[in-house]
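Dumped entry.txt below, it's compact mmCIF, C-alpha atoms and all ligand atoms:
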```
# COMPACT_ATOMS: atom_id res chain seq x y z
CA MET E 210 -53.39 51.77 -9.44
CA PRO E 211 -55.83 49.51 -11.32
CA GLU E 212 -58.12 47.49 -9.08
CA THR E 213 -56.75 44.06 -9.94
CA GLN E 214 -53.18 45.21 -9.43
CA GLU E 215 -54.07 46.65 -6.05
CA THR E 216 -55.55 43.32 -4.92
CA PHE E 217 -52.57 41.46 -6.33
CA GLU E 218 -50.09 43.62 -4.41
CA LEU E 219 -52.13 43.41 -1.20
CA LEU E 220 -52.03 39.63 -1.38
CA LYS E 221 -48.42 39.51 -2.55
CA ASN E 222 -47.15 37.44 0.37
CA TYR E 223 -49.80 34.86 -0.18
CA VAL E 224 -49.50 34.97 -3.99
CA ASN E 225 -45.76 34.34 -3.70
CA GLU E 226 -46.39 31.06 -1.88
CA LEU E 227 -48.63 29.64 -4.58
CA PRO E 228 -47.35 26.68 -6.62
CA ILE E 229 -48.59 28.32 -9.82
CA GLY E 230 -47.08 31.23 -11.72
CA LEU E 231 -49.09 34.43 -11.92
CA LEU E 232 -48.53 37.41 -14.19
CA LEU E 233 -50.72 40.47 -14.35
CA PHE E 234 -50.76 42.49 -17.57
CA GLY E 235 -52.30 45.89 -18.20
CA LYS E 236 -54.44 46.80 -21.18
CA ASN E 237 -51.42 47.57 -23.34
CA MET E 238 -49.55 44.39 -22.58
CA GLU E 239 -47.43 46.11 -19.95
CA ILE E 240 -46.54 43.90 -16.99
CA LEU E 241 -47.99 45.16 -13.70
CA SER E 242 -47.34 42.39 -11.17
CA TRP E 243 -45.99 38.86 -10.92
CA ASN E 244 -45.22 36.25 -8.29
CA ASN E 245 -41.98 34.39 -7.50
CA GLN E 246 -43.14 31.17 -9.06
CA ALA E 247 -43.69 32.91 -12.43
CA ILE E 248 -40.06 34.03 -12.42
CA ASN E 249 -38.88 30.48 -11.68
CA MET E 250 -41.05 28.97 -14.36
CA LEU E 251 -40.18 31.48 -17.06
CA GLU E 252 -36.46 31.23 -16.25
CA ILE E 253 -35.93 34.97 -16.61
CA HIS E 254 -34.52 37.63 -14.33
CA GLU E 255 -36.85 39.85 -12.40
CA GLU E 256 -34.99 42.81 -13.94
CA ASN E 257 -36.11 41.68 -17.38
CA ILE E 258 -39.70 41.21 -16.27
CA LYS E 259 -39.63 44.77 -14.93
CA LYS E 260 -38.52 45.93 -18.38
CA ASN E 261 -41.31 43.90 -19.95
CA ASP E 262 -38.63 41.87 -21.70
CA PHE E 263 -39.77 38.26 -21.91
CA GLY E 264 -37.30 37.30 -24.64
CA THR E 265 -38.56 34.52 -26.90
CA LEU E 266 -41.64 34.08 -24.73
CA LYS E 267 -42.88 37.55 -25.56
CA LYS E 268 -44.54 36.52 -28.81
CA GLN E 269 -46.21 33.52 -27.21
CA LEU E 270 -47.56 35.56 -24.31
CA MET E 271 -48.75 38.31 -26.66
CA GLU E 272 -50.56 35.76 -28.77
CA LEU E 273 -52.31 34.40 -25.69
CA ILE E 274 -53.28 37.81 -24.35
CA GLN E 275 -54.30 39.48 -27.59
CA ASP E 276 -56.01 36.64 -29.42
CA GLU E 277 -59.61 36.54 -28.21
CA THR E 278 -60.14 33.07 -29.65
CA ILE E 279 -57.61 31.38 -27.36
CA ASN E 280 -57.76 31.06 -23.61
CA GLU E 281 -54.77 28.88 -23.07
CA ARG E 282 -51.65 27.76 -24.84
CA GLU E 283 -48.55 25.85 -24.15
CA LEU E 284 -45.37 27.81 -23.61
CA ILE E 285 -42.39 26.36 -25.38
CA GLY E 286 -38.71 27.11 -25.24
CA LEU E 287 -38.55 26.42 -21.49
CA SER E 288 -36.95 23.38 -19.90
CA LYS E 289 -40.34 22.12 -18.72
CA PRO E 290 -43.60 22.34 -20.64
CA TYR E 291 -45.92 24.91 -19.07
CA LYS E 292 -49.48 25.75 -19.86
CA ALA E 293 -50.43 29.42 -19.77
CA SER E 294 -54.08 30.32 -19.41
CA LYS E 295 -55.62 33.76 -19.16
CA LYS E 296 -58.44 35.42 -17.35
CA VAL E 297 -59.56 38.93 -18.24
CA ALA E 298 -60.47 40.90 -15.08
CA SER E 299 -63.34 43.40 -14.89
CA ASP E 300 -60.92 46.33 -15.31
CA ASN E 301 -59.60 44.67 -18.49
CA ASN E 302 -56.31 43.69 -16.93
CA VAL E 303 -55.28 40.18 -17.86
CA ILE E 304 -54.15 37.57 -15.36
CA VAL E 305 -51.96 34.86 -16.88
CA VAL E 306 -51.73 31.62 -14.89
CA LEU E 307 -48.81 29.27 -15.49
CA THR E 308 -49.05 25.60 -14.62
CA GLU E 309 -46.98 22.56 -15.46
CA SER E 310 -48.56 20.69 -18.31
CA PHE E 311 -46.48 17.56 -17.98
CA GLN E 312 -49.21 15.58 -16.22
CA GLU E 313 -51.60 16.34 -19.00
CA THR E 314 -49.09 15.27 -21.65
CA ILE E 315 -48.44 11.97 -19.89
CA GLY E 316 -52.17 11.35 -19.63
CA GLU E 317 -52.73 12.01 -23.33
CA MET E 318 -49.74 9.90 -24.31
CA SER E 319 -50.86 6.90 -22.28
CA HIS E 320 -54.29 7.11 -23.80
CA GLU E 321 -52.92 7.21 -27.35
CA LEU E 322 -50.46 4.38 -26.73
CA ARG E 323 -53.03 2.17 -25.08
CA ARG E 324 -55.30 2.01 -28.11
CA PRO E 325 -52.97 0.12 -30.48
CA LEU E 326 -51.75 -2.01 -27.56
CA THR E 327 -55.31 -3.07 -26.72
CA ASN E 328 -55.94 -3.93 -30.37
CA ILE E 329 -52.76 -6.02 -30.59
CA LYS E 330 -53.70 -7.88 -27.39
CA THR E 331 -57.26 -8.60 -28.62
CA LEU E 332 -56.05 -9.82 -32.01
CA ALA E 333 -53.36 -12.02 -30.45
CA GLU E 334 -55.87 -13.51 -28.02
CA SER E 335 -58.29 -14.25 -30.86
CA LEU E 336 -55.52 -16.04 -32.75
CA HIS E 337 -54.69 -18.04 -29.67
CA MET E 338 -58.33 -18.97 -29.07
CA GLY E 339 -58.68 -20.58 -32.47
CA ALA E 340 -58.51 -17.98 -35.22
CA LYS E 341 -55.07 -19.36 -36.01
CA ASN E 342 -56.73 -22.48 -37.44
CA ASP E 343 -58.37 -20.51 -40.25
CA PRO E 344 -55.59 -19.36 -42.57
CA ASP E 345 -57.68 -16.53 -44.11
CA ILE E 346 -58.68 -15.02 -40.78
CA ALA E 347 -55.24 -15.63 -39.28
CA GLY E 348 -53.62 -13.82 -42.23
CA LYS E 349 -55.93 -10.84 -41.75
CA PHE E 350 -55.33 -10.65 -38.00
CA ILE E 351 -51.56 -10.83 -38.44
CA GLU E 352 -51.72 -8.00 -40.96
CA GLN E 353 -53.75 -5.93 -38.47
CA ILE E 354 -51.25 -6.67 -35.70
CA ASN E 355 -48.52 -5.50 -38.03
CA ASN E 356 -50.42 -2.25 -38.80
CA GLU E 357 -51.02 -1.57 -35.11
CA ALA E 358 -47.34 -2.16 -34.35
CA ASP E 359 -46.46 0.33 -37.12
CA ARG E 360 -48.82 2.83 -35.52
CA LEU E 361 -47.12 2.34 -32.16
CA THR E 362 -43.73 2.90 -33.77
CA ARG E 363 -44.95 6.09 -35.42
CA LEU E 364 -46.35 7.37 -32.13
CA VAL E 365 -43.17 6.61 -30.22
CA ASN E 366 -41.04 8.24 -32.94
CA ALA E 367 -43.22 11.34 -32.90
CA LEU E 368 -43.03 11.52 -29.11
CA LEU E 369 -39.25 11.17 -29.24
CA ASN E 370 -39.07 13.99 -31.76
CA MET E 371 -41.27 16.08 -29.57
CA SER E 372 -39.17 15.49 -26.49
CA LYS E 373 -35.99 16.20 -28.49
CA ILE E 374 -37.39 19.52 -29.64
CA ARG E 375 -38.47 20.36 -26.12
CA SER E 376 -35.41 19.09 -24.35
CA GLY E 377 -33.77 22.36 -23.46
CA LYS E 378 -31.46 22.29 -26.46
CA LEU E 379 -34.35 24.04 -28.03
CA ALA E 380 -32.85 27.21 -29.32
CA PRO E 381 -32.67 26.72 -33.06
CA ALA E 382 -29.15 26.95 -34.50
CA LYS E 383 -30.19 29.29 -37.27
CA GLN E 384 -28.19 29.57 -40.45
CA LYS E 385 -28.76 30.52 -44.07
CA ILE E 386 -30.21 27.55 -45.87
CA ASN E 387 -30.77 26.88 -49.53
CA LEU E 388 -34.45 25.98 -49.55
CA LYS E 389 -34.47 24.28 -52.94
CA SER E 390 -31.94 21.65 -51.89
CA LYS E 391 -33.73 21.09 -48.57
CA ILE E 392 -36.97 20.44 -50.45
CA ASN E 393 -35.13 18.08 -52.84
CA ASP E 394 -33.84 16.12 -49.81
CA ALA E 395 -37.39 15.77 -48.47
CA ILE E 396 -38.69 14.74 -51.91
CA LYS E 397 -36.00 12.06 -52.19
CA LEU E 398 -37.09 10.63 -48.83
CA LEU E 399 -40.79 10.67 -49.64
CA GLN E 400 -40.65 9.81 -53.36
CA SER E 401 -41.42 6.08 -53.04
CA HIS E 402 -44.32 6.85 -50.73
CA ALA E 403 -45.64 9.39 -53.28
CA ASP E 404 -45.13 6.91 -56.15
CA LYS E 405 -47.31 4.36 -54.40
CA ARG E 406 -50.07 6.98 -54.35
CA LYS E 407 -49.25 8.13 -57.91
CA THR E 408 -48.79 11.60 -56.44
CA LYS E 409 -46.54 14.12 -58.16
CA LEU E 410 -44.15 16.15 -55.98
CA ILE E 411 -43.11 19.44 -57.56
CA ASN E 412 -40.33 21.67 -56.25
CA GLU E 413 -40.91 25.18 -57.61
CA VAL E 414 -38.43 26.93 -55.34
CA THR E 415 -35.86 28.98 -57.26
CA ASP E 416 -32.17 27.97 -57.18
CA ASP E 417 -30.81 30.64 -54.87
CA TYR E 418 -33.75 31.12 -52.48
CA LYS E 419 -32.51 31.26 -48.89
CA ILE E 420 -34.27 30.89 -45.56
CA TYR E 421 -32.83 31.48 -42.12
CA ALA E 422 -33.46 28.39 -40.00
CA ASP E 423 -32.12 25.43 -38.04
CA ALA E 424 -31.19 22.86 -40.70
CA GLU E 425 -32.36 19.78 -38.81
CA GLN E 426 -35.52 21.30 -37.42
CA ILE E 427 -36.59 22.71 -40.77
CA ASP E 428 -36.10 19.27 -42.37
CA HIS E 429 -38.63 18.03 -39.91
CA VAL E 430 -41.10 20.78 -40.81
CA ILE E 431 -40.79 20.23 -44.56
CA GLN E 432 -41.04 16.44 -44.31
CA ASN E 433 -44.09 16.66 -42.11
CA LEU E 434 -45.95 19.09 -44.34
CA VAL E 435 -45.14 17.19 -47.54
CA GLU E 436 -45.97 13.83 -45.95
CA ASN E 437 -49.34 15.18 -44.78
CA ALA E 438 -50.02 16.64 -48.22
CA ILE E 439 -49.49 13.17 -49.75
CA LYS E 440 -51.43 11.40 -47.01
CA TYR E 441 -54.49 13.65 -47.15
CA SER E 442 -54.83 13.70 -50.94
CA PRO E 443 -56.41 11.11 -53.21
CA ASP E 444 -54.20 9.01 -55.50
CA GLY E 445 -52.94 10.89 -58.52
CA SER E 446 -52.78 14.29 -56.79
CA THR E 447 -50.10 16.95 -57.01
CA VAL E 448 -48.12 18.46 -54.16
CA THR E 449 -46.30 21.69 -54.93
CA ILE E 450 -43.68 23.37 -52.78
CA SER E 451 -42.92 26.98 -53.64
CA SER E 452 -41.23 30.01 -52.14
CA GLY E 453 -42.96 33.19 -51.01
CA PRO E 454 -45.24 35.09 -50.75
CA ALA E 455 -42.88 37.14 -48.53
CA SER E 456 -39.13 36.73 -48.32
CA GLY E 457 -38.17 33.92 -45.93
CA SER E 458 -41.47 32.13 -46.41
CA PHE E 459 -42.55 29.03 -48.31
CA GLN E 460 -45.71 27.09 -49.06
CA VAL E 461 -46.73 23.46 -49.37
CA SER E 462 -49.90 23.07 -51.46
CA ASP E 463 -51.91 19.98 -52.18
CA THR E 464 -55.00 19.12 -54.18
CA GLY E 465 -56.38 16.92 -51.42
CA ILE E 466 -59.38 16.52 -49.15
CA GLY E 467 -59.00 19.91 -47.44
CA ILE E 468 -59.76 20.84 -43.83
CA PRO E 469 -63.16 22.14 -42.68
CA LEU E 470 -62.95 25.76 -41.51
CA THR E 471 -64.12 24.81 -38.01
CA GLU E 472 -61.21 22.39 -37.62
CA VAL E 473 -58.40 24.57 -38.95
CA SER E 474 -57.51 26.13 -35.59
CA LYS E 475 -57.42 22.71 -33.89
CA ILE E 476 -55.07 20.81 -36.17
CA PHE E 477 -51.98 22.16 -34.39
CA GLU E 478 -53.12 20.69 -31.07
CA ARG E 479 -51.43 17.53 -29.89
CA PHE E 480 -53.14 14.29 -30.93
CA TYR E 481 -55.81 16.14 -32.89
CA ARG E 482 -57.00 14.46 -36.07
CA VAL E 483 -59.82 15.85 -38.17
CA ASP E 484 -61.48 12.52 -38.64
CA ARG E 485 -60.08 9.96 -36.28
CA THR E 486 -61.40 7.02 -38.24
CA LYS E 487 -60.23 8.19 -41.65
CA ALA E 488 -56.77 9.40 -40.75
CA LYS E 489 -55.04 6.05 -41.03
CA GLY E 490 -51.35 5.99 -40.30
CA SER E 491 -51.49 9.16 -38.28
CA SER E 492 -50.45 10.19 -34.82
CA GLY E 493 -51.93 13.66 -34.59
CA LEU E 494 -48.56 14.89 -33.37
CA GLY E 495 -46.90 16.02 -36.59
CA LEU E 496 -48.37 19.50 -36.83
CA SER E 497 -48.00 20.27 -33.13
CA ILE E 498 -44.27 19.60 -33.50
CA VAL E 499 -44.17 21.70 -36.68
CA LYS E 500 -45.84 24.59 -34.86
CA ASN E 501 -43.43 24.24 -31.92
CA VAL E 502 -40.45 24.49 -34.25
CA ILE E 503 -41.83 27.48 -36.12
CA ASP E 504 -42.69 29.29 -32.87
CA LEU E 505 -39.14 28.71 -31.68
CA HIS E 506 -37.89 30.33 -34.87
CA GLY E 507 -40.09 33.36 -34.18
CA GLY E 508 -42.07 32.56 -37.32
CA LYS E 509 -45.66 31.68 -38.08
CA ILE E 510 -47.64 29.05 -39.92
CA GLU E 511 -50.92 29.74 -41.69
CA VAL E 512 -53.40 27.47 -43.43
CA ASN E 513 -55.63 28.11 -46.42
CA SER E 514 -57.92 25.24 -47.14
CA GLU E 515 -61.06 24.35 -49.00
CA VAL E 516 -62.81 21.05 -48.42
CA GLY E 517 -62.55 18.85 -51.51
CA LYS E 518 -60.14 21.26 -53.25
CA GLY E 519 -56.94 21.23 -51.24
CA THR E 520 -54.81 22.83 -48.60
CA THR E 521 -51.88 25.24 -48.52
CA PHE E 522 -49.64 25.61 -45.49
CA ILE E 523 -47.67 28.87 -45.50
CA VAL E 524 -44.57 29.00 -43.31
CA SER E 525 -43.05 32.44 -42.68
CA LEU E 526 -39.67 32.72 -40.99
CA PRO E 527 -37.94 35.90 -39.94
CA ASN E 528 -34.92 36.92 -41.99
CA GLU E 529 -31.43 37.00 -40.54
CA GLY E 530 -30.78 39.47 -37.78
P1 LIG F 601 -51.37 13.22 -38.30
O1 LIG F 601 -51.21 13.51 -39.75
O2 LIG F 601 -50.34 12.31 -37.78
O3 LIG F 601 -52.78 12.85 -37.92
P2 LIG F 601 -50.84 16.02 -37.85
O4 LIG F 601 -50.66 16.74 -36.56
O5 LIG F 601 -49.74 16.07 -38.84
O6 LIG F 601 -51.15 14.53 -37.44
O7 LIG F 601 -52.16 16.54 -38.52
C1 LIG F 601 -53.34 16.73 -37.73
C2 LIG F 601 -54.58 16.57 -38.59
O8 LIG F 601 -54.66 17.67 -39.51
C3 LIG F 601 -54.56 15.32 -39.47
O9 LIG F 601 -55.02 14.18 -38.78
C4 LIG F 601 -55.49 15.73 -40.60
O10 LIG F 601 -56.82 15.50 -40.22
C5 LIG F 601 -55.25 17.24 -40.73
N1 LIG F 601 -54.32 17.58 -41.84
C6 LIG F 601 -53.00 17.83 -41.74
N2 LIG F 601 -52.46 18.15 -42.95
C7 LIG F 601 -53.48 18.09 -43.84
C8 LIG F 601 -53.59 18.31 -45.27
N3 LIG F 601 -52.53 18.65 -46.01
N4 LIG F 601 -54.81 18.16 -45.83
C9 LIG F 601 -55.89 17.83 -45.09
N5 LIG F 601 -55.86 17.60 -43.75
C10 LIG F 601 -54.68 17.74 -43.12
```

Once more with this new file: its structure as C-alpha cells, please.
Amino acid sequence: MPETQETFELLKNYVNELPIGLLLFGKNMEILSWNNQAINMLEIHEENIKKNDFGTLKKQLMELIQDETINERELIGLSKPYKASKKVASDNNVIVVLTESFQETIGEMSHELRRPLTNIKTLAESLHMGAKNDPDIAGKFIEQINNEADRLTRLVNALLNMSKIRSGKLAPAKQKINLKSKINDAIKLLQSHADKRKTKLINEVTDDYKIYADAEQIDHVIQNLVENAIKYSPDGSTVTISSGPASGSFQVSDTGIGIPLTEVSKIFERFYRVDRTKAKGSSGLGLSIVKNVIDLHGGKIEVNSEVGKGTTFIVSLPNEG
C-alpha cells in the first residue's frame, strides 16, 4: 500500500470527523481513499467513488490533478460551491481537499459592491456640500453617479446570473440547436451597442450548423463573448462569429486590444479584469460564468490572443450522446 494511503487509512477515524472533504488519488488518477465529508460534499454514492465514477465532476477533478499549472479550482455542478485544492505527496499520490468556498465568494462580492457604493456616497456628499451650486460640476457628478449606479446594476445582474447557473438546477437541458439563428439573436440584441462603436458584427455560421447545448445557457455564452469582443476592441473593429474548427465548436474573433499571454489563464477567474482602470463597464464576472456553463456542458473554452491584434475564443461542446 502506498505510504500516503497507509497513513490515511490509519487515521481514518480522525479523518472522518474533519469538516473538510479529503480524497486521495494514486498516480493514475485512481481513487485510493476518501473521508465521509467528501462523500457528502460531492453528493455521490460511496459505491460510485469505489468505481472511480465521479460523474460530471470527473473532468473537473482530472483537470485539477493533472494540470501542473493549477493548484485549486472551484467545483461546479454541486448544490453548494466548493473549492478543491491539491497537494502532491512525496510518493506522488495526490490529496484533494474540498472546502466550502461560499465565504470567499461573499467576501469578494462585498468588496466589489462597496466600490461603486463608496463613489456614489462621496459624489452625493460633494453635491450636498456645495458642488450643486456649480452647474458644470454638478452635471459631471450626476453623470458619474449615474455611471456608478449602472455598474452596480451590472454587478448585481451578473451575480444573479451566476447564482441562477449555480442554483442546483444546473444540469443543462441539452438539445440540438441551430447555431446560426442563436448568433443572429445575439447580434440583434447587441447591434445598437455595436453601432455606437461603429463595429461590424459578422455571422459566418452556415445555415444548418447544429450544436448540442442548453438553449438559454448558450445564449448567455454567446452574448457574453460577443459583448466582450465589442467592448475590448477600438471603434470601427470587426467581430466575426464562425463555426468550427471541430464539429460542435464555434469561435468569436475580434480585432481588438488582445490579452497579454501572462493574463490569459486568469481571465476566467471571478472579478478578474486585465486592466482594472481601463475596463470600464465591466464586472469581471462574465467569463467566469461562461466557463461555468461550458464546464457543465462537458466542453472547453480556449483563447488565442495577440496584444494589439485581437482575440479568438474557441468554444468546443461535445456532440449528442
Ligand atoms: P468583464 O468584461 O466584465 O470585465 P469578463 O469576465 O467578461 O469580465 O472578462 C474578464 C477580463 O478579460 C476583462 O476585464 C478583459 O480584461 C479581458 N477580456 C475578455 N474578453 C476580451 C476580449 N475579447 N479582448 C480582450 N480582453 C478581453

Task: Contacts of ligand LIG 601 (chain F), 8 Å or closer, only C-alpha atoms and all ligand atoms, given as number ranges by chain - done: E: 433-435, 437-442, 462-463, 465-468, 473, 476-485, 488-498, 514, 519-522

Output the selection as an mmCIF file, in the coordinates of the input - C-alpha atoms for each residue.
```
data_model
loop_
_atom_site.group_PDB
_atom_site.id
_atom_site.type_symbol
_atom_site.label_atom_id
_atom_site.label_comp_id
_atom_site.auth_asym_id
_atom_site.auth_seq_id
_atom_site.Cartn_x
_atom_site.Cartn_y
_atom_site.Cartn_z
ATOM 1 C CA ASN E 433 -44.090 16.660 -42.110
ATOM 2 C CA LEU E 434 -45.950 19.090 -44.340
ATOM 3 C CA VAL E 435 -45.140 17.190 -47.540
ATOM 4 C CA ASN E 437 -49.340 15.180 -44.780
ATOM 5 C CA ALA E 438 -50.020 16.640 -48.220
ATOM 6 C CA ILE E 439 -49.490 13.170 -49.750
ATOM 7 C CA LYS E 440 -51.430 11.400 -47.010
ATOM 8 C CA TYR E 441 -54.490 13.650 -47.150
ATOM 9 C CA SER E 442 -54.830 13.700 -50.940
ATOM 10 C CA SER E 462 -49.900 23.070 -51.460
ATOM 11 C CA ASP E 463 -51.910 19.980 -52.180
ATOM 12 C CA GLY E 465 -56.380 16.920 -51.420
ATOM 13 C CA ILE E 466 -59.380 16.520 -49.150
ATOM 14 C CA GLY E 467 -59.000 19.910 -47.440
ATOM 15 C CA ILE E 468 -59.760 20.840 -43.830
ATOM 16 C CA VAL E 473 -58.400 24.570 -38.950
ATOM 17 C CA ILE E 476 -55.070 20.810 -36.170
ATOM 18 C CA PHE E 477 -51.980 22.160 -34.390
ATOM 19 C CA GLU E 478 -53.120 20.690 -31.070
ATOM 20 C CA ARG E 479 -51.430 17.530 -29.890
ATOM 21 C CA PHE E 480 -53.140 14.290 -30.930
ATOM 22 C CA TYR E 481 -55.810 16.140 -32.890
ATOM 23 C CA ARG E 482 -57.000 14.460 -36.070
ATOM 24 C CA VAL E 483 -59.820 15.850 -38.170
ATOM 25 C CA ASP E 484 -61.480 12.520 -38.640
ATOM 26 C CA ARG E 485 -60.080 9.960 -36.280
ATOM 27 C CA ALA E 488 -56.770 9.400 -40.750
ATOM 28 C CA LYS E 489 -55.040 6.050 -41.030
ATOM 29 C CA GLY E 490 -51.350 5.990 -40.300
ATOM 30 C CA SER E 491 -51.490 9.160 -38.280
ATOM 31 C CA SER E 492 -50.450 10.190 -34.820
ATOM 32 C CA GLY E 493 -51.930 13.660 -34.590
ATOM 33 C CA LEU E 494 -48.560 14.890 -33.370
ATOM 34 C CA GLY E 495 -46.900 16.020 -36.590
ATOM 35 C CA LEU E 496 -48.370 19.500 -36.830
ATOM 36 C CA SER E 497 -48.000 20.270 -33.130
ATOM 37 C CA ILE E 498 -44.270 19.600 -33.500
ATOM 38 C CA SER E 514 -57.920 25.240 -47.140
ATOM 39 C CA GLY E 519 -56.940 21.230 -51.240
ATOM 40 C CA THR E 520 -54.810 22.830 -48.600
ATOM 41 C CA THR E 521 -51.880 25.240 -48.520
ATOM 42 C CA PHE E 522 -49.640 25.610 -45.490
#
```

Open item on the list: Show me, as a VMD selection string, the residues that have an atom within 7 Å of Ala293 of chain E when counting all atoms listed in the file, minus same-chain residues fewer than 3 positions from it.
Closed with: chain E and resid 281 to 284 305 to 308

Open item on the list: List the spatial neighbours of Gln432 of chain E as a list in words - criterion: any atom at most 8 Å away, all atoms listed in the file, same-chain residues fewer than 3 positions off excluded.
Closed with: Ala395, Leu399, Asp428, His429, Val435 and Glu436 of chain E

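By chain and then residue number, the residues within 10 Å of Ala247 of chain E are Asn225, Leu227, Pro228, Ile229, Gly230, Leu231, Leu232, Trp243, Leu251, Glu252, Ile253, Glu255, Ile258, Val305, Val306, Leu307 and Thr308 of chain E, counting all atoms listed in the file and disregarding those fewer than 4 positions away in sequence.
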
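Excluding Lys330 of chain E and any residue on its chain fewer than 2 positions from it, the residues at most 12 Å away by only C-alpha atoms are Arg323, Arg324, Pro325, Leu326, Thr327, Asn328, Leu332, Ala333, Glu334, Ser335, Leu336, His337, Phe350, Ile351, Gln353, Ile354, Glu357 and Ala358 of chain E.
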
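Interatomic distance, atom CA of Leu322 of chain E against atom CA of Ala367 of chain E: 11.8 Å.
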
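In this structure, atom CA of Lys509 of chain E sits 5.3 Å away from atom CA of Ser525 of chain E.
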
Open item on the list: Just the number, please: distance in Å from atom CA of Pro381 of chain E to atom CA of Leu266 of chain E, one decimal.
Closed with: 14.3 Å

Open item on the list: Report as a VMD selection string all protein, DNA and RNA residues lying within 10 Å of Glu218 of chain E, evaluated on all atoms listed in the file, omitting residues in the same chain fewer than 3 positions from it.
Closed with: chain E and resid 213 to 215 221 to 224 241 to 244
